[in-house]
Amino acid sequence: MKKVILSLLLLLSGMSAMAQGLVNEGETGSDFTLKNAEGTSYNLYNINPGSLKVLYFWASWCPDCRKDMPILRLLVNKYWGNGVSFIGVSYDTNPDVWVKFYKDTLKFEHMTQLRDEAKMSESVVAKQYKISSIPTIYLLDGQNKVLMATTDVNQLLYKLDELDRSGKLISTGGDVNPDVMPSFRGGPKMLMAFLSHNVKYPGIAQKYAAQAKATITFVVNKDGKVTDINPTGYELISIGNKNYNSLSSTEQEDIKAAVRDAFLDEAERVVRGMPKWTPGTKNGQPMSVKYNLPVAFRMRFNN
């Protein structure tokens, strides 16, 4: 029995090596820019800089990709707040089918969904990442170097679990399974009042009628102090007025990037000015807990 188990473990540990022809571990993953369903361009290196990145190359018509989805959903829900960014790159040729599938069927809340408009056989990105079939999965470190390349989602599961157990995912020391989560003193209404009073709408966002949601991840320490503050998520809700529409497409992309930076900077600034929270607890004892706070920026504009 021990020999059988050992053989199985050796087989599993070697499966990623069977993904022949992919970018080698230790090499730098190429940067690229692709658009989401709303037409917003995302530059790979600028998606949560410094975080680990999972690149999942797929398509809704791919049977093996569909089989991966339950495990992928588990991984996204478990690790997205622990320094891991998940980016889907689709090779769906029909954008409507792609959008309907990931919005109505997948319903992933914490995964950046992008589409390569080129056919996979003609795609520059596919050539950069040596993709000949899907699904193909890459795990990049904070410097965008390849930690793992595979065609098996189970290998991603094993790798993330290994990093998690070794403490490399939660560098903040926060505990993700407290009995009682930390809370802003006075409760949710006081938190909303604090945000409403302190958030200043970025001037560039007002100029171009932009609305968005920024997510800030931080740790509430045992003494309630907020530390290890980092922007970890961003969603552009809307943008566009006469000022914006008069720009060229290249200028519009530059404005979107500047708006994104302004929203993230402002959300981070406000969180850094927070008073102490009521700490989370486990077995009745206060403990450090990682917390993800979405900050919505909404304003009524007169176009």
# chains A, B, ... in the order shown; residues from 1 in each chain; ligands from 1
>>> closest_atom_pairs(of="segment 128-239 of chain A", to="segment 98-115 of chain A", cutoff="12 Å", atoms="only C-alpha atoms", output="CSV")
residue,atom,partner,partner_atom,distance
A:Thr215,CA,A:His110,CA,10.5
A:Thr232,CA,A:His110,CA,10.2
A:Gly233,CA,A:His110,CA,8.2
A:Tyr234,CA,A:Thr112,CA,9.3
A:Glu235,CA,A:Thr112,CA,9.0
A:Leu236,CA,A:Thr112,CA,11.6
>>> write_last_selection(atoms="N, CA and C atoms", output="short mmCIF file (atom, residue, chain, number, x, y, z; two decimals), in the first residue's frame")
data_model
loop_
_atom_site.label_atom_id
_atom_site.label_comp_id
_atom_site.auth_asym_id
_atom_site.auth_seq_id
_atom_site.Cartn_x
_atom_site.Cartn_y
_atom_site.Cartn_z
N THR A 215 -11.19 47.73 -4.15
CA THR A 215 -11.10 46.85 -2.99
C THR A 215 -9.74 47.02 -2.32
N THR A 232 -6.26 45.64 -3.75
CA THR A 232 -6.25 44.28 -4.32
C THR A 232 -7.33 44.04 -5.37
N GLY A 233 -8.16 45.03 -5.63
CA GLY A 233 -9.19 44.81 -6.63
C GLY A 233 -9.73 46.12 -7.17
N TYR A 234 -10.21 46.07 -8.42
CA TYR A 234 -10.74 47.28 -9.05
C TYR A 234 -11.74 46.88 -10.12
N GLU A 235 -12.86 47.60 -10.14
CA GLU A 235 -13.88 47.39 -11.18
C GLU A 235 -14.39 48.74 -11.65
N LEU A 236 -14.20 49.04 -12.92
CA LEU A 236 -14.73 50.27 -13.50
C LEU A 236 -16.21 50.04 -13.79
#
>>> residues_around(residues="segment 275-278 of chain A", least_positions_apart="2", cutoff="10 Å", atoms="only C-alpha atoms", output="mmCIF file with all heavy atoms, in the first residue's frame")
data_model
loop_
_atom_site.group_PDB
_atom_site.id
_atom_site.type_symbol
_atom_site.label_atom_id
_atom_site.label_comp_id
_atom_site.auth_asym_id
_atom_site.auth_seq_id
_atom_site.Cartn_x
_atom_site.Cartn_y
_atom_site.Cartn_z
ATOM 1 N N MET A 181 -15.451 37.889 13.003
ATOM 2 C CA MET A 181 -14.684 38.791 12.157
ATOM 3 C C MET A 181 -14.497 40.151 12.844
ATOM 4 O O MET A 181 -15.318 40.556 13.674
ATOM 5 C CB MET A 181 -15.399 38.998 10.827
ATOM 6 C CG MET A 181 -15.306 37.818 9.889
ATOM 7 S SD MET A 181 -13.613 37.523 9.299
ATOM 8 C CE MET A 181 -13.362 38.946 8.229
ATOM 9 N N PRO A 182 -13.428 40.855 12.501
ATOM 10 C CA PRO A 182 -13.259 42.210 13.039
ATOM 11 C C PRO A 182 -14.355 43.125 12.519
ATOM 12 O O PRO A 182 -14.969 42.855 11.485
ATOM 13 C CB PRO A 182 -11.884 42.622 12.507
ATOM 14 C CG PRO A 182 -11.658 41.780 11.296
ATOM 15 C CD PRO A 182 -12.329 40.478 11.585
ATOM 16 N N SER A 183 -14.607 44.211 13.226
ATOM 17 C CA SER A 183 -15.661 45.131 12.820
ATOM 18 C C SER A 183 -15.269 46.565 13.141
ATOM 19 O O SER A 183 -14.535 46.831 14.096
ATOM 20 C CB SER A 183 -16.982 44.786 13.524
ATOM 21 O OG SER A 183 -16.840 44.869 14.931
ATOM 22 N N PHE A 184 -15.764 47.462 12.320
ATOM 23 C CA PHE A 184 -15.560 48.887 12.563
ATOM 24 C C PHE A 184 -16.368 49.262 13.799
ATOM 25 O O PHE A 184 -17.523 48.861 13.939
ATOM 26 C CB PHE A 184 -16.031 49.692 11.362
ATOM 27 C CG PHE A 184 -15.635 51.129 11.380
ATOM 28 C CD1 PHE A 184 -14.389 51.529 10.909
ATOM 29 C CD2 PHE A 184 -16.499 52.098 11.867
ATOM 30 C CE1 PHE A 184 -14.011 52.866 10.909
ATOM 31 C CE2 PHE A 184 -16.132 53.437 11.883
ATOM 32 C CZ PHE A 184 -14.879 53.814 11.408
ATOM 33 N N ARG A 185 -15.745 50.001 14.700
ATOM 34 C CA ARG A 185 -16.430 50.328 15.954
ATOM 35 C C ARG A 185 -17.659 51.191 15.692
ATOM 36 O O ARG A 185 -17.576 52.238 15.070
ATOM 37 C CB ARG A 185 -15.466 51.038 16.905
ATOM 38 C CG ARG A 185 -14.377 50.077 17.388
ATOM 39 C CD ARG A 185 -13.384 50.692 18.335
ATOM 40 N NE ARG A 185 -12.417 49.690 18.765
ATOM 41 C CZ ARG A 185 -11.385 49.943 19.546
ATOM 42 N NH1 ARG A 185 -11.167 51.171 20.000
ATOM 43 N NH2 ARG A 185 -10.550 48.970 19.879
ATOM 44 N N GLY A 186 -18.789 50.694 16.160
ATOM 45 C CA GLY A 186 -20.061 51.346 15.887
ATOM 46 C C GLY A 186 -20.874 50.613 14.844
ATOM 47 O O GLY A 186 -22.043 50.924 14.628
ATOM 48 N N GLY A 187 -20.231 49.621 14.171
ATOM 49 C CA GLY A 187 -20.956 48.791 13.220
ATOM 50 C C GLY A 187 -20.908 49.304 11.790
ATOM 51 O O GLY A 187 -20.276 50.319 11.487
ATOM 52 N N PHE A 194 -18.197 56.915 8.077
ATOM 53 C CA PHE A 194 -16.781 57.286 8.025
ATOM 54 C C PHE A 194 -16.325 57.429 6.579
ATOM 55 O O PHE A 194 -15.652 58.404 6.215
ATOM 56 C CB PHE A 194 -15.943 56.230 8.747
ATOM 57 C CG PHE A 194 -14.460 56.465 8.645
ATOM 58 C CD1 PHE A 194 -13.805 57.275 9.563
ATOM 59 C CD2 PHE A 194 -13.715 55.875 7.627
ATOM 60 C CE1 PHE A 194 -12.434 57.503 9.459
ATOM 61 C CE2 PHE A 194 -12.349 56.098 7.516
ATOM 62 C CZ PHE A 194 -11.713 56.913 8.438
ATOM 63 N N VAL A 220 -6.485 43.603 10.391
ATOM 64 C CA VAL A 220 -6.865 44.179 11.674
ATOM 65 C C VAL A 220 -6.116 43.394 12.749
ATOM 66 O O VAL A 220 -6.384 42.215 12.958
ATOM 67 C CB VAL A 220 -8.386 44.106 11.905
ATOM 68 C CG1 VAL A 220 -8.733 44.694 13.271
ATOM 69 C CG2 VAL A 220 -9.136 44.845 10.804
ATOM 70 N N ASN A 221 -5.149 44.032 13.381
ATOM 71 C CA ASN A 221 -4.322 43.359 14.378
ATOM 72 C C ASN A 221 -5.094 43.055 15.647
ATOM 73 O O ASN A 221 -6.238 43.491 15.831
ATOM 74 C CB ASN A 221 -3.091 44.213 14.701
ATOM 75 C CG ASN A 221 -2.072 44.199 13.588
ATOM 76 O OD1 ASN A 221 -2.075 43.298 12.750
ATOM 77 N ND2 ASN A 221 -1.215 45.200 13.558
ATOM 78 N N LYS A 222 -4.437 42.347 16.542
ATOM 79 C CA LYS A 222 -5.068 41.960 17.807
ATOM 80 C C LYS A 222 -5.519 43.174 18.623
ATOM 81 O O LYS A 222 -6.474 43.093 19.391
ATOM 82 C CB LYS A 222 -4.102 41.117 18.639
ATOM 83 C CG LYS A 222 -3.763 39.773 18.028
ATOM 84 C CD LYS A 222 -2.773 39.011 18.909
ATOM 85 C CE LYS A 222 -2.395 37.674 18.281
ATOM 86 N NZ LYS A 222 -1.433 36.924 19.124
ATOM 87 N N ASP A 223 -4.786 44.294 18.468
ATOM 88 C CA ASP A 223 -5.146 45.503 19.210
ATOM 89 C C ASP A 223 -6.122 46.383 18.437
ATOM 90 O O ASP A 223 -6.471 47.487 18.881
ATOM 91 C CB ASP A 223 -3.896 46.309 19.569
ATOM 92 C CG ASP A 223 -3.131 46.790 18.342
ATOM 93 O OD1 ASP A 223 -3.548 46.468 17.206
ATOM 94 O OD2 ASP A 223 -2.112 47.484 18.517
ATOM 95 N N GLY A 224 -6.593 45.907 17.266
ATOM 96 C CA GLY A 224 -7.558 46.647 16.469
ATOM 97 C C GLY A 224 -6.949 47.607 15.469
ATOM 98 O O GLY A 224 -7.669 48.209 14.669
ATOM 99 N N LYS A 225 -5.612 47.740 15.466
ATOM 100 C CA LYS A 225 -4.968 48.647 14.528
ATOM 101 C C LYS A 225 -4.997 48.079 13.121
ATOM 102 O O LYS A 225 -4.812 46.879 12.910
ATOM 103 C CB LYS A 225 -3.521 48.901 14.964
ATOM 104 C CG LYS A 225 -2.817 49.958 14.136
ATOM 105 C CD LYS A 225 -1.408 50.228 14.666
ATOM 106 C CE LYS A 225 -0.705 51.288 13.832
ATOM 107 N NZ LYS A 225 0.671 51.567 14.343
ATOM 108 N N VAL A 226 -5.241 48.950 12.138
ATOM 109 C CA VAL A 226 -5.300 48.540 10.735
ATOM 110 C C VAL A 226 -3.902 48.656 10.123
ATOM 111 O O VAL A 226 -3.295 49.732 10.129
ATOM 112 C CB VAL A 226 -6.290 49.422 9.951
ATOM 113 C CG1 VAL A 226 -6.258 49.090 8.464
ATOM 114 C CG2 VAL A 226 -7.708 49.238 10.497
ATOM 115 N N VAL A 271 -8.465 54.360 3.989
ATOM 116 C CA VAL A 271 -8.281 53.230 4.902
ATOM 117 C C VAL A 271 -7.102 53.487 5.846
ATOM 118 O O VAL A 271 -7.160 53.146 7.039
ATOM 119 C CB VAL A 271 -8.073 51.922 4.110
ATOM 120 C CG1 VAL A 271 -7.650 50.787 5.035
ATOM 121 C CG2 VAL A 271 -9.362 51.548 3.379
ATOM 122 N N ARG A 272 -6.054 54.109 5.338
ATOM 123 C CA ARG A 272 -4.897 54.414 6.194
ATOM 124 C C ARG A 272 -5.249 55.388 7.312
ATOM 125 O O ARG A 272 -4.559 55.446 8.337
ATOM 126 C CB ARG A 272 -3.753 54.955 5.344
ATOM 127 C CG ARG A 272 -3.106 53.904 4.457
ATOM 128 C CD ARG A 272 -1.836 54.384 3.794
ATOM 129 N NE ARG A 272 -1.280 53.340 2.929
ATOM 130 C CZ ARG A 272 -0.564 52.313 3.370
ATOM 131 N NH1 ARG A 272 -0.267 52.217 4.670
ATOM 132 N NH2 ARG A 272 -0.108 51.398 2.538
ATOM 133 N N GLY A 273 -6.306 56.146 7.144
ATOM 134 C CA GLY A 273 -6.719 57.089 8.169
ATOM 135 C C GLY A 273 -7.769 56.557 9.125
ATOM 136 O O GLY A 273 -8.307 57.311 9.948
ATOM 137 N N GLY A 280 -10.948 40.772 15.457
ATOM 138 C CA GLY A 280 -11.586 39.473 15.346
ATOM 139 C C GLY A 280 -11.134 38.570 16.485
ATOM 140 O O GLY A 280 -10.113 38.832 17.130
ATOM 141 N N THR A 281 -11.876 37.505 16.703
ATOM 142 C CA THR A 281 -11.529 36.593 17.797
ATOM 143 C C THR A 281 -11.648 35.146 17.362
ATOM 144 O O THR A 281 -12.395 34.814 16.429
ATOM 145 C CB THR A 281 -12.447 36.803 19.015
ATOM 146 O OG1 THR A 281 -13.820 36.549 18.636
ATOM 147 C CG2 THR A 281 -12.331 38.215 19.558
ATOM 148 N N PRO A 286 -8.568 37.654 21.048
ATOM 149 C CA PRO A 286 -8.348 38.528 19.893
ATOM 150 C C PRO A 286 -7.217 38.009 19.013
ATOM 151 O O PRO A 286 -6.251 37.417 19.508
ATOM 152 C CB PRO A 286 -7.995 39.876 20.531
ATOM 153 C CG PRO A 286 -7.505 39.546 21.892
ATOM 154 C CD PRO A 286 -8.261 38.326 22.327
#
>>> residues_around(residues="segment 242-251 of chain A", least_positions_apart="2", cutoff="10 Å", atoms="only C-alpha atoms", output="count of residues only")
12
>>> select_by_dssp(residues="segment 95-231 of chain A", states="helix (DSSP H, G or I)", output="number ranges by chain")
A: 95-106, 120-122, 124-128, 153-165, 188-198, 203-207
>>> write_last_selection(atoms="N, CA and C atoms", output="compact mmCIF listing (two decimals), in the first residue's frame")
# COMPACT_ATOMS: atom_id res chain seq x y z
N PRO A 95 -18.13 37.09 -28.60
CA PRO A 95 -18.08 37.76 -27.30
C PRO A 95 -19.37 37.64 -26.50
N ASP A 96 -20.51 37.57 -27.17
CA ASP A 96 -21.79 37.46 -26.46
C ASP A 96 -21.90 36.12 -25.73
N VAL A 97 -21.47 35.06 -26.39
CA VAL A 97 -21.49 33.73 -25.76
C VAL A 97 -20.55 33.71 -24.56
N TRP A 98 -19.37 34.30 -24.74
CA TRP A 98 -18.38 34.38 -23.65
C TRP A 98 -18.95 35.10 -22.44
N VAL A 99 -19.52 36.28 -22.66
CA VAL A 99 -20.06 37.08 -21.56
C VAL A 99 -21.20 36.35 -20.86
N LYS A 100 -22.11 35.79 -21.64
CA LYS A 100 -23.25 35.09 -21.04
C LYS A 100 -22.78 33.91 -20.20
N PHE A 101 -21.77 33.19 -20.68
CA PHE A 101 -21.31 32.02 -19.95
C PHE A 101 -20.68 32.40 -18.61
N TYR A 102 -19.76 33.38 -18.64
CA TYR A 102 -19.08 33.66 -17.37
C TYR A 102 -19.94 34.49 -16.41
N LYS A 103 -20.90 35.25 -16.94
CA LYS A 103 -21.76 36.03 -16.05
C LYS A 103 -22.93 35.21 -15.52
N ASP A 104 -23.56 34.41 -16.39
CA ASP A 104 -24.76 33.68 -16.00
C ASP A 104 -24.46 32.29 -15.45
N THR A 105 -23.38 31.67 -15.94
CA THR A 105 -23.08 30.30 -15.52
C THR A 105 -21.98 30.26 -14.46
N LEU A 106 -20.85 30.90 -14.74
CA LEU A 106 -19.73 30.86 -13.79
C LEU A 106 -19.99 31.73 -12.57
N MET A 120 -6.86 31.75 -31.52
CA MET A 120 -5.75 31.21 -30.74
C MET A 120 -4.55 30.89 -31.63
N SER A 121 -4.80 30.41 -32.82
CA SER A 121 -3.71 30.05 -33.73
C SER A 121 -2.96 31.27 -34.26
N GLU A 122 -3.57 32.46 -34.15
CA GLU A 122 -2.96 33.68 -34.66
C GLU A 122 -2.62 34.67 -33.55
N VAL A 124 -0.93 36.70 -30.59
CA VAL A 124 0.40 37.04 -30.09
C VAL A 124 0.55 36.53 -28.66
N VAL A 125 -0.50 36.69 -27.85
CA VAL A 125 -0.44 36.24 -26.45
C VAL A 125 -0.27 34.73 -26.38
N ALA A 126 -1.01 34.01 -27.22
CA ALA A 126 -0.88 32.55 -27.25
C ALA A 126 0.53 32.13 -27.63
N LYS A 127 1.13 32.85 -28.54
CA LYS A 127 2.51 32.53 -28.94
C LYS A 127 3.48 32.85 -27.80
N GLN A 128 3.25 33.98 -27.11
CA GLN A 128 4.12 34.35 -25.99
C GLN A 128 4.10 33.28 -24.90
N VAL A 153 -5.66 21.62 -13.81
CA VAL A 153 -6.06 22.52 -12.73
C VAL A 153 -5.74 21.94 -11.35
N ASN A 154 -5.65 20.62 -11.25
CA ASN A 154 -5.30 20.01 -9.97
C ASN A 154 -3.89 20.41 -9.54
N GLN A 155 -2.99 20.59 -10.51
CA GLN A 155 -1.63 21.02 -10.18
C GLN A 155 -1.63 22.43 -9.59
N LEU A 156 -2.53 23.27 -10.07
CA LEU A 156 -2.67 24.60 -9.49
C LEU A 156 -3.16 24.49 -8.05
N LEU A 157 -4.12 23.61 -7.83
CA LEU A 157 -4.64 23.39 -6.47
C LEU A 157 -3.51 22.97 -5.53
N TYR A 158 -2.70 21.98 -5.97
CA TYR A 158 -1.61 21.50 -5.12
C TYR A 158 -0.59 22.59 -4.85
N LYS A 159 -0.28 23.40 -5.87
CA LYS A 159 0.75 24.43 -5.72
C LYS A 159 0.29 25.53 -4.77
N LEU A 160 -0.94 25.99 -4.92
CA LEU A 160 -1.45 27.03 -4.04
C LEU A 160 -1.56 26.53 -2.61
N ASP A 161 -1.97 25.27 -2.45
CA ASP A 161 -2.03 24.68 -1.11
C ASP A 161 -0.64 24.61 -0.49
N GLU A 162 0.35 24.24 -1.30
CA GLU A 162 1.74 24.18 -0.81
C GLU A 162 2.22 25.56 -0.36
N LEU A 163 1.94 26.59 -1.16
CA LEU A 163 2.35 27.94 -0.81
C LEU A 163 1.61 28.43 0.43
N ASP A 164 0.34 28.07 0.52
CA ASP A 164 -0.47 28.46 1.67
C ASP A 164 0.06 27.83 2.96
N ARG A 165 0.34 26.53 2.90
CA ARG A 165 0.82 25.82 4.09
C ARG A 165 2.20 26.31 4.54
N PRO A 188 -21.61 48.61 10.89
CA PRO A 188 -21.59 48.94 9.46
C PRO A 188 -22.05 50.37 9.15
N LYS A 189 -23.05 50.87 9.89
CA LYS A 189 -23.53 52.22 9.62
C LYS A 189 -22.47 53.26 9.93
N MET A 190 -21.70 53.04 10.99
CA MET A 190 -20.63 53.97 11.32
C MET A 190 -19.50 53.88 10.30
N LEU A 191 -19.25 52.68 9.79
CA LEU A 191 -18.25 52.51 8.74
C LEU A 191 -18.66 53.28 7.49
N MET A 192 -19.93 53.15 7.10
CA MET A 192 -20.41 53.86 5.93
C MET A 192 -20.34 55.37 6.14
N ALA A 193 -20.65 55.81 7.36
CA ALA A 193 -20.58 57.24 7.67
C ALA A 193 -19.14 57.73 7.59
N PHE A 194 -18.20 56.92 8.08
CA PHE A 194 -16.78 57.29 8.02
C PHE A 194 -16.33 57.43 6.58
N LEU A 195 -16.69 56.46 5.74
CA LEU A 195 -16.30 56.50 4.35
C LEU A 195 -16.93 57.70 3.64
N SER A 196 -18.21 57.93 3.89
CA SER A 196 -18.92 59.02 3.25
C SER A 196 -18.30 60.37 3.61
N HIS A 197 -17.87 60.50 4.86
CA HIS A 197 -17.31 61.76 5.35
C HIS A 197 -15.88 61.99 4.83
N ASN A 198 -15.12 60.92 4.66
CA ASN A 198 -13.70 61.06 4.39
C ASN A 198 -13.29 60.86 2.93
N GLY A 203 -10.58 64.21 -8.76
CA GLY A 203 -10.91 65.22 -9.75
C GLY A 203 -10.96 64.68 -11.16
N ILE A 204 -10.03 63.79 -11.50
CA ILE A 204 -10.00 63.24 -12.85
C ILE A 204 -11.22 62.36 -13.11
N ALA A 205 -11.72 61.70 -12.06
CA ALA A 205 -12.93 60.88 -12.21
C ALA A 205 -14.16 61.75 -12.42
N GLN A 206 -14.19 62.89 -11.74
CA GLN A 206 -15.30 63.82 -11.95
C GLN A 206 -15.26 64.40 -13.36
N LYS A 207 -14.06 64.73 -13.82
CA LYS A 207 -13.91 65.35 -15.14
C LYS A 207 -14.45 64.46 -16.24
>>> select_by_dssp(residues="segment 42-211 of chain A", states="strand (DSSP E)", output="number ranges by chain")
A: 42-43, 52-58, 84-90, 112-115, 136-140, 146-150, 211
>>> write_last_selection(atoms="C-alpha atoms", output="mmCIF file, in the first residue's frame")
data_model
loop_
_atom_site.group_PDB
_atom_site.id
_atom_site.type_symbol
_atom_site.label_atom_id
_atom_site.label_comp_id
_atom_site.auth_asym_id
_atom_site.auth_seq_id
_atom_site.Cartn_x
_atom_site.Cartn_y
_atom_site.Cartn_z
ATOM 1 C CA TYR A 42 -6.138 45.607 -18.685
ATOM 2 C CA ASN A 43 -2.364 45.424 -18.708
ATOM 3 C CA LEU A 52 0.777 36.235 -7.412
ATOM 4 C CA LYS A 53 -1.170 35.857 -10.643
ATOM 5 C CA VAL A 54 -3.052 32.860 -11.986
ATOM 6 C CA LEU A 55 -3.492 33.022 -15.759
ATOM 7 C CA TYR A 56 -6.233 30.674 -16.922
ATOM 8 C CA PHE A 57 -6.444 30.387 -20.724
ATOM 9 C CA TRP A 58 -9.793 28.915 -21.713
ATOM 10 C CA VAL A 84 -3.472 35.887 -5.475
ATOM 11 C CA SER A 85 -5.020 37.545 -8.541
ATOM 12 C CA PHE A 86 -7.010 35.366 -10.938
ATOM 13 C CA ILE A 87 -7.118 36.367 -14.605
ATOM 14 C CA GLY A 88 -9.131 34.477 -17.200
ATOM 15 C CA VAL A 89 -8.101 34.840 -20.849
ATOM 16 C CA SER A 90 -10.782 33.559 -23.196
ATOM 17 C CA THR A 112 -10.701 39.399 -13.997
ATOM 18 C CA GLN A 113 -12.209 38.117 -17.247
ATOM 19 C CA LEU A 114 -10.485 39.166 -20.465
ATOM 20 C CA ARG A 115 -10.854 38.052 -24.073
ATOM 21 C CA THR A 136 -3.507 26.135 -20.062
ATOM 22 C CA ILE A 137 -2.617 27.553 -16.665
ATOM 23 C CA TYR A 138 0.253 29.679 -15.446
ATOM 24 C CA LEU A 139 1.099 30.812 -11.917
ATOM 25 C CA LEU A 140 3.298 33.926 -11.854
ATOM 26 C CA VAL A 146 6.683 31.639 -13.913
ATOM 27 C CA LEU A 147 6.226 29.539 -10.777
ATOM 28 C CA MET A 148 4.268 26.840 -12.549
ATOM 29 C CA ALA A 149 2.941 26.024 -16.026
ATOM 30 C CA THR A 150 0.446 23.225 -16.514
ATOM 31 C CA GLN A 211 -17.634 55.486 -11.332
#
>>> decode(residues="segment 217-224 of chain A", atoms="all heavy atoms", output="mmCIF file, in the first residue's frame")
data_model
loop_
_atom_site.group_PDB
_atom_site.id
_atom_site.type_symbol
_atom_site.label_atom_id
_atom_site.label_comp_id
_atom_site.auth_asym_id
_atom_site.auth_seq_id
_atom_site.Cartn_x
_atom_site.Cartn_y
_atom_site.Cartn_z
ATOM 1 N N THR A 217 -7.357 45.588 0.773
ATOM 2 C CA THR A 217 -7.140 44.484 1.717
ATOM 3 C C THR A 217 -6.190 44.949 2.810
ATOM 4 O O THR A 217 -5.179 45.600 2.519
ATOM 5 C CB THR A 217 -6.550 43.265 0.992
ATOM 6 O OG1 THR A 217 -7.481 42.813 0.002
ATOM 7 C CG2 THR A 217 -6.295 42.114 1.970
ATOM 8 N N PHE A 218 -6.533 44.632 4.050
ATOM 9 C CA PHE A 218 -5.694 45.023 5.169
ATOM 10 C C PHE A 218 -5.832 44.005 6.287
ATOM 11 O O PHE A 218 -6.658 43.075 6.222
ATOM 12 C CB PHE A 218 -6.061 46.422 5.672
ATOM 13 C CG PHE A 218 -7.524 46.625 5.987
ATOM 14 C CD1 PHE A 218 -8.050 46.339 7.241
ATOM 15 C CD2 PHE A 218 -8.387 47.108 5.004
ATOM 16 C CE1 PHE A 218 -9.394 46.531 7.526
ATOM 17 C CE2 PHE A 218 -9.741 47.293 5.275
ATOM 18 C CZ PHE A 218 -10.246 47.012 6.536
ATOM 19 N N VAL A 219 -5.008 44.166 7.298
ATOM 20 C CA VAL A 219 -5.065 43.290 8.462
ATOM 21 C C VAL A 219 -5.497 44.105 9.672
ATOM 22 O O VAL A 219 -4.959 45.192 9.922
ATOM 23 C CB VAL A 219 -3.700 42.629 8.738
ATOM 24 C CG1 VAL A 219 -3.711 41.896 10.079
ATOM 25 C CG2 VAL A 219 -3.367 41.645 7.621
ATOM 26 N N VAL A 220 -6.485 43.603 10.391
ATOM 27 C CA VAL A 220 -6.865 44.179 11.674
ATOM 28 C C VAL A 220 -6.116 43.394 12.749
ATOM 29 O O VAL A 220 -6.384 42.215 12.958
ATOM 30 C CB VAL A 220 -8.386 44.106 11.905
ATOM 31 C CG1 VAL A 220 -8.733 44.694 13.271
ATOM 32 C CG2 VAL A 220 -9.136 44.845 10.804
ATOM 33 N N ASN A 221 -5.149 44.032 13.381
ATOM 34 C CA ASN A 221 -4.322 43.359 14.378
ATOM 35 C C ASN A 221 -5.094 43.055 15.647
ATOM 36 O O ASN A 221 -6.238 43.491 15.831
ATOM 37 C CB ASN A 221 -3.091 44.213 14.701
ATOM 38 C CG ASN A 221 -2.072 44.199 13.588
ATOM 39 O OD1 ASN A 221 -2.075 43.298 12.750
ATOM 40 N ND2 ASN A 221 -1.215 45.200 13.558
ATOM 41 N N LYS A 222 -4.437 42.347 16.542
ATOM 42 C CA LYS A 222 -5.068 41.960 17.807
ATOM 43 C C LYS A 222 -5.519 43.174 18.623
ATOM 44 O O LYS A 222 -6.474 43.093 19.391
ATOM 45 C CB LYS A 222 -4.102 41.117 18.639
ATOM 46 C CG LYS A 222 -3.763 39.773 18.028
ATOM 47 C CD LYS A 222 -2.773 39.011 18.909
ATOM 48 C CE LYS A 222 -2.395 37.674 18.281
ATOM 49 N NZ LYS A 222 -1.433 36.924 19.124
ATOM 50 N N ASP A 223 -4.786 44.294 18.468
ATOM 51 C CA ASP A 223 -5.146 45.503 19.210
ATOM 52 C C ASP A 223 -6.122 46.383 18.437
ATOM 53 O O ASP A 223 -6.471 47.487 18.881
ATOM 54 C CB ASP A 223 -3.896 46.309 19.569
ATOM 55 C CG ASP A 223 -3.131 46.790 18.342
ATOM 56 O OD1 ASP A 223 -3.548 46.468 17.206
ATOM 57 O OD2 ASP A 223 -2.112 47.484 18.517
ATOM 58 N N GLY A 224 -6.593 45.907 17.266
ATOM 59 C CA GLY A 224 -7.558 46.647 16.469
ATOM 60 C C GLY A 224 -6.949 47.607 15.469
ATOM 61 O O GLY A 224 -7.669 48.209 14.669
#
